[in-house]
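Report on the structure given below.
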Protein chains: 2
Amino acid sequence: MTDPIMPASETAYQKIRAFILQGEASPGMQLTEEKLAEISGVSRTSVRDAVRRLENEMLVVRSASKRLSVAEWSDGEVDEMFTLRGMLEAHAAARAAHRIDGEALDDLRAINKELKDAVKQSPPDVTSFLSANRRFHDLILRCAQSPRLSKLMPALVEQPVVRQTAHQYSKTQLNQSAVDHDELISAFAAKDASWAKSVMTSHIRRAFHSFSVTATPESL
Amino acid sequence: MTDPIMPASETAYQKIRAFILQGEASPGMQLTEEKLAEISGVSRTSVRDAVRRLENEMLVVRSASKRLSVAEWSDGEVDEMFTLRGMLEAHAAARAAHRIDGEALDDLRAINKELKDAVKQSPPDVTSFLSANRRFHDLILRCAQSPRLSKLMPALVEQPVVRQTAHQYSKTQLNQSAVDHDELISAFAAKDASWAKSVMTSHIRRAFHSFSVTATPESL
DNA sequence: ACCATTCTTATTGTATACAAAATCAACCCG
DNA sequence: CGGGTTGATTTTGTATACAATAAGAATGGT
């Protein structure tokens, strides 16, 4: 199997992250380093290292008395997260438009084809969709060639939100993502930074509203 | 003296940060955890904790083989840093405009008075200027009430750049900062988010050009 | 002399043991 | 009862020792 040897702190990071994201932990739940060490099967030293990273991603939160808990986000914070992510990803798209090469463009097309295939299933294969979506956005970020931007983005990844809600996306909404991506690719091919930027802005903002519509009580 | 007891990891963080910022370390210089432990007088455990924070601020950098070195920034990266900071601080200013209260407004005025006093000296008291400047921007960030934004900003603090160059600022340039701050205060008082945002954008961008003019060879 | 390979050393990674601090509960005093 | 204080327990913080890995030096074959 693909069992690449991996530092203990990395193991801890992935296990804890999965623990939180796969809903085994509920927002606000208290976490002790010891329990996390049990879960991940490594020592507290490595857990602490992993926790530091998760803290930066704001998946876990440290109280005034240094105790850990799973982050809980208010509606306002979710909105703000999408806003910031929109600004930064739009900026990344603009930079990428200037820097992208033919190979990366082909890769984007291939990834978006996977994404469309996932949407075509009945019911849509949401897991594959999310995977392709993430790789699509990651590649754009790499093309932007801004180490700083790459450092900032992890704190704005709304995976916990997405997981909760993606299964509620309609096929229409998922399709719209594919269409957005196609237009993004066109903008990149034309090396038109401001086109890329505005498409990305709408793309992210639409994702937010898809989220809010499915998540707020009013929609029920 | 104000010698508040402080965790060892915090001590390490401050000592190492100062070591880098006060120019005792040059960009690209290799750092070993052991040497940093000596410098800061605590164990490697705490040093590693501190280093993790500095890595997030991108003051230190980890090579592929996990070795540490002082970050070195290309001109392009400095430009990008100011661009990102401009976007984020402008956003913060817009949020702050809606949320600020009279007390915070008074605090901003008081801080900017300190800043003006520092500029009035001959020669200008750059250290006090920088201190007041930092507090001014920090307070705005707090008023923006966005934990996420607060988490993001430290990675965009250009103190190393500023330290290198601030002493070269002309009194005219320093004064312009005070004027910008006054206008920001006016925008806040009027609760005009878009005014605040645009003033902040110019303010940060101007700082970038002041930097580049004094720092590039063409200016000599 | 040059490249590869082994041995040595330097450096980072991890676990464990202990110290410090915070929480919780029992208790006393009013 | 209520408020605060002590003591026990849980939880986090730090140091040290050792393991794993990477870099550098020395050696040998061509």
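Identifiers in this document derive from the order of the structure tokens: chains are assigned A, B, ..., residues are numbered from 1 separately in each chain, and ligands are numbered from 1 in order of occurrence.
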
- For chain B, work out the contacting residues on chain D at 12 Å, counting only C-alpha atoms (C1' of nucleotides), and write them as a ChimeraX atom specification. /D:12-16,21-23

Region 63-129 of chain A: residues DSSP assigns to helix (DSSP H, G or I), reported as a PDB file with C-alpha atoms, in the first residue's frame:
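Saved as states.pdb:
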```pdb
ATOM      1  CA  ASP A  75     -22.854  33.117  10.864  1.00  0.00           C
ATOM      2  CA  GLY A  76     -20.948  36.373  10.797  1.00  0.00           C
ATOM      3  CA  GLU A  77     -17.642  34.585  10.925  1.00  0.00           C
ATOM      4  CA  VAL A  78     -18.615  32.264   8.088  1.00  0.00           C
ATOM      5  CA  ASP A  79     -19.583  35.275   6.020  1.00  0.00           C
ATOM      6  CA  GLU A  80     -16.298  36.972   6.834  1.00  0.00           C
ATOM      7  CA  MET A  81     -14.378  33.827   5.969  1.00  0.00           C
ATOM      8  CA  PHE A  82     -15.946  33.657   2.532  1.00  0.00           C
ATOM      9  CA  THR A  83     -15.364  37.365   2.029  1.00  0.00           C
ATOM     10  CA  LEU A  84     -11.688  37.078   2.838  1.00  0.00           C
ATOM     11  CA  ARG A  85     -11.341  33.930   0.816  1.00  0.00           C
ATOM     12  CA  GLY A  86     -13.018  35.685  -2.088  1.00  0.00           C
ATOM     13  CA  MET A  87     -10.570  38.590  -1.921  1.00  0.00           C
ATOM     14  CA  LEU A  88      -7.540  36.364  -1.690  1.00  0.00           C
ATOM     15  CA  GLU A  89      -8.571  33.781  -4.268  1.00  0.00           C
ATOM     16  CA  ALA A  90      -9.556  36.519  -6.681  1.00  0.00           C
ATOM     17  CA  HIS A  91      -6.137  38.039  -6.222  1.00  0.00           C
ATOM     18  CA  ALA A  92      -4.565  34.622  -6.756  1.00  0.00           C
ATOM     19  CA  ALA A  93      -6.565  34.187  -9.958  1.00  0.00           C
ATOM     20  CA  ALA A  94      -5.381  37.547 -11.240  1.00  0.00           C
ATOM     21  CA  ARG A  95      -1.756  36.653 -10.593  1.00  0.00           C
ATOM     22  CA  ALA A  96      -2.220  33.203 -12.069  1.00  0.00           C
ATOM     23  CA  ALA A  97      -3.631  34.703 -15.265  1.00  0.00           C
ATOM     24  CA  HIS A  98      -0.267  36.383 -15.870  1.00  0.00           C
ATOM     25  CA  ARG A  99       1.871  33.453 -14.885  1.00  0.00           C
ATOM     26  CA  GLY A 102       0.066  25.714 -21.228  1.00  0.00           C
ATOM     27  CA  GLU A 103       0.800  22.671 -19.134  1.00  0.00           C
ATOM     28  CA  ALA A 104      -0.959  23.998 -16.052  1.00  0.00           C
ATOM     29  CA  LEU A 105      -3.853  25.041 -18.253  1.00  0.00           C
ATOM     30  CA  ASP A 106      -4.160  21.477 -19.510  1.00  0.00           C
ATOM     31  CA  ASP A 107      -4.045  20.204 -15.945  1.00  0.00           C
ATOM     32  CA  LEU A 108      -6.861  22.559 -14.986  1.00  0.00           C
ATOM     33  CA  ARG A 109      -8.925  21.257 -17.908  1.00  0.00           C
ATOM     34  CA  ALA A 110      -8.273  17.666 -16.874  1.00  0.00           C
ATOM     35  CA  ILE A 111      -9.226  18.346 -13.270  1.00  0.00           C
ATOM     36  CA  ASN A 112     -12.404  20.100 -14.308  1.00  0.00           C
ATOM     37  CA  LYS A 113     -13.303  17.148 -16.503  1.00  0.00           C
ATOM     38  CA  GLU A 114     -13.061  14.917 -13.439  1.00  0.00           C
ATOM     39  CA  LEU A 115     -15.248  17.372 -11.615  1.00  0.00           C
ATOM     40  CA  LYS A 116     -17.891  17.285 -14.354  1.00  0.00           C
ATOM     41  CA  ASP A 117     -17.841  13.488 -14.382  1.00  0.00           C
ATOM     42  CA  ALA A 118     -18.440  13.473 -10.656  1.00  0.00           C
ATOM     43  CA  VAL A 119     -21.415  15.805 -11.077  1.00  0.00           C
ATOM     44  CA  LYS A 120     -22.845  13.659 -13.890  1.00  0.00           C
ATOM     45  CA  VAL A 126     -19.899  14.684  -3.939  1.00  0.00           C
ATOM     46  CA  THR A 127     -16.665  13.309  -2.510  1.00  0.00           C
ATOM     47  CA  SER A 128     -15.006  13.259  -5.938  1.00  0.00           C
ATOM     48  CA  PHE A 129     -16.481  16.662  -6.661  1.00  0.00           C
TER      49      PHE A 129
END
```

- Contacts of DG3 (chain D) at 12 Å (only C-alpha atoms (C1' of nucleotides); same-chain gap of 5+ positions) as a ChimeraX atom specification: /C:28-30

Keeping only C-alpha atoms (C1' of nucleotides), write the selected residues as a PDB file, in the first residue's frame.
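Ended up saving to selection01.pdb:
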```pdb
ATOM      1  C1'  DC C  28     -14.779  25.837  56.860  1.00  0.00           C
ATOM      2  C1'  DC C  29     -16.376  30.165  58.489  1.00  0.00           C
ATOM      3  C1'  DG C  30     -19.608  33.810  58.365  1.00  0.00           C
TER       4       DG C  30
END
```

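With the cut-off set to 8 Å and only C-alpha atoms (C1' of nucleotides) counted, chain C residues close to chain A are DG13, DT14, DA15 and DA22 of chain C.
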
For Thr32 (chain B), please output as a PDB file with N, CA and C atoms (P, O5', C5', C4', C3', O3' and C1' of nucleotides), in the first residue's frame all residues within 8 Å (counting only C-alpha atoms (C1' of nucleotides); exclusion window: fewer than 3 positions along the same chain).
```
ATOM      1  N   LYS B  35      21.341  26.702  18.655  1.00  0.00           N
ATOM      2  CA  LYS B  35      21.842  28.070  18.789  1.00  0.00           C
ATOM      3  C   LYS B  35      20.737  28.992  19.270  1.00  0.00           C
ATOM      4  N   LEU B  36      19.539  28.803  18.744  1.00  0.00           N
ATOM      5  CA  LEU B  36      18.418  29.641  19.166  1.00  0.00           C
ATOM      6  C   LEU B  36      18.104  29.401  20.636  1.00  0.00           C
ATOM      7  N   ARG B  67      15.812  22.314   7.652  1.00  0.00           N
ATOM      8  CA  ARG B  67      16.717  23.237   8.340  1.00  0.00           C
ATOM      9  C   ARG B  67      16.166  24.651   8.303  1.00  0.00           C
ATOM     10  N   LEU B  68      16.476  25.412   9.336  1.00  0.00           N
ATOM     11  CA  LEU B  68      15.915  26.746   9.482  1.00  0.00           C
ATOM     12  C   LEU B  68      16.854  27.821   8.992  1.00  0.00           C
TER      13      LEU B  68
ATOM     14  P    DT C  11      24.962  21.889  13.229  1.00  0.00           P
ATOM     15  O5'  DT C  11      23.507  21.252  13.169  1.00  0.00           O
ATOM     16  C5'  DT C  11      22.967  20.901  11.889  1.00  0.00           C
ATOM     17  C4'  DT C  11      21.610  20.263  12.077  1.00  0.00           C
ATOM     18  C3'  DT C  11      20.722  20.960  13.100  1.00  0.00           C
ATOM     19  O3'  DT C  11      19.603  21.513  12.403  1.00  0.00           O
ATOM     20  C1'  DT C  11      20.649  18.602  13.323  1.00  0.00           C
TER      21       DT C  11
END
```

- Using only C-alpha atoms (C1' of nucleotides), which residues sit within 12 Å of DA4 (chain C) once same-chain residues fewer than 5 positions away are excluded, as a VMD selection string? chain D and resid 27 to 30

- Query: Quick one: residues within 10 Å of Met29 (chain A), only C-alpha atoms (C1' of nucleotides) counted, chain neighbours fewer than 6 positions away excluded, as JSON, numbers by chain?
  - Reply: {"A": [20, 60, 68, 69, 70, 71, 72]}

- How would you write, as an NGL selection string, the set of residues in region 41-157 of chain A that DSSP gives as strand (DSSP E or B)? :A and (60-62 or 68-70)

Please list as a short mmCIF file (atom, residue, chain, number, x, y, z; two decimals) with C-alpha atoms (C1' of nucleotides), in the first residue's frame every residue within 12 Å of DT6 (chain D), counting only C-alpha atoms (C1' of nucleotides) and excluding residues in the same chain fewer than 6 positions away.
```cif
data_model
loop_
_atom_site.label_atom_id
_atom_site.label_comp_id
_atom_site.auth_asym_id
_atom_site.auth_seq_id
_atom_site.Cartn_x
_atom_site.Cartn_y
_atom_site.Cartn_z
"C1'" DA C 25 -14.66 19.71 44.97
"C1'" DA C 26 -14.71 19.58 49.74
"C1'" DC C 27 -14.60 22.20 53.50
"C1'" DC C 28 -14.78 25.84 56.86
#
```
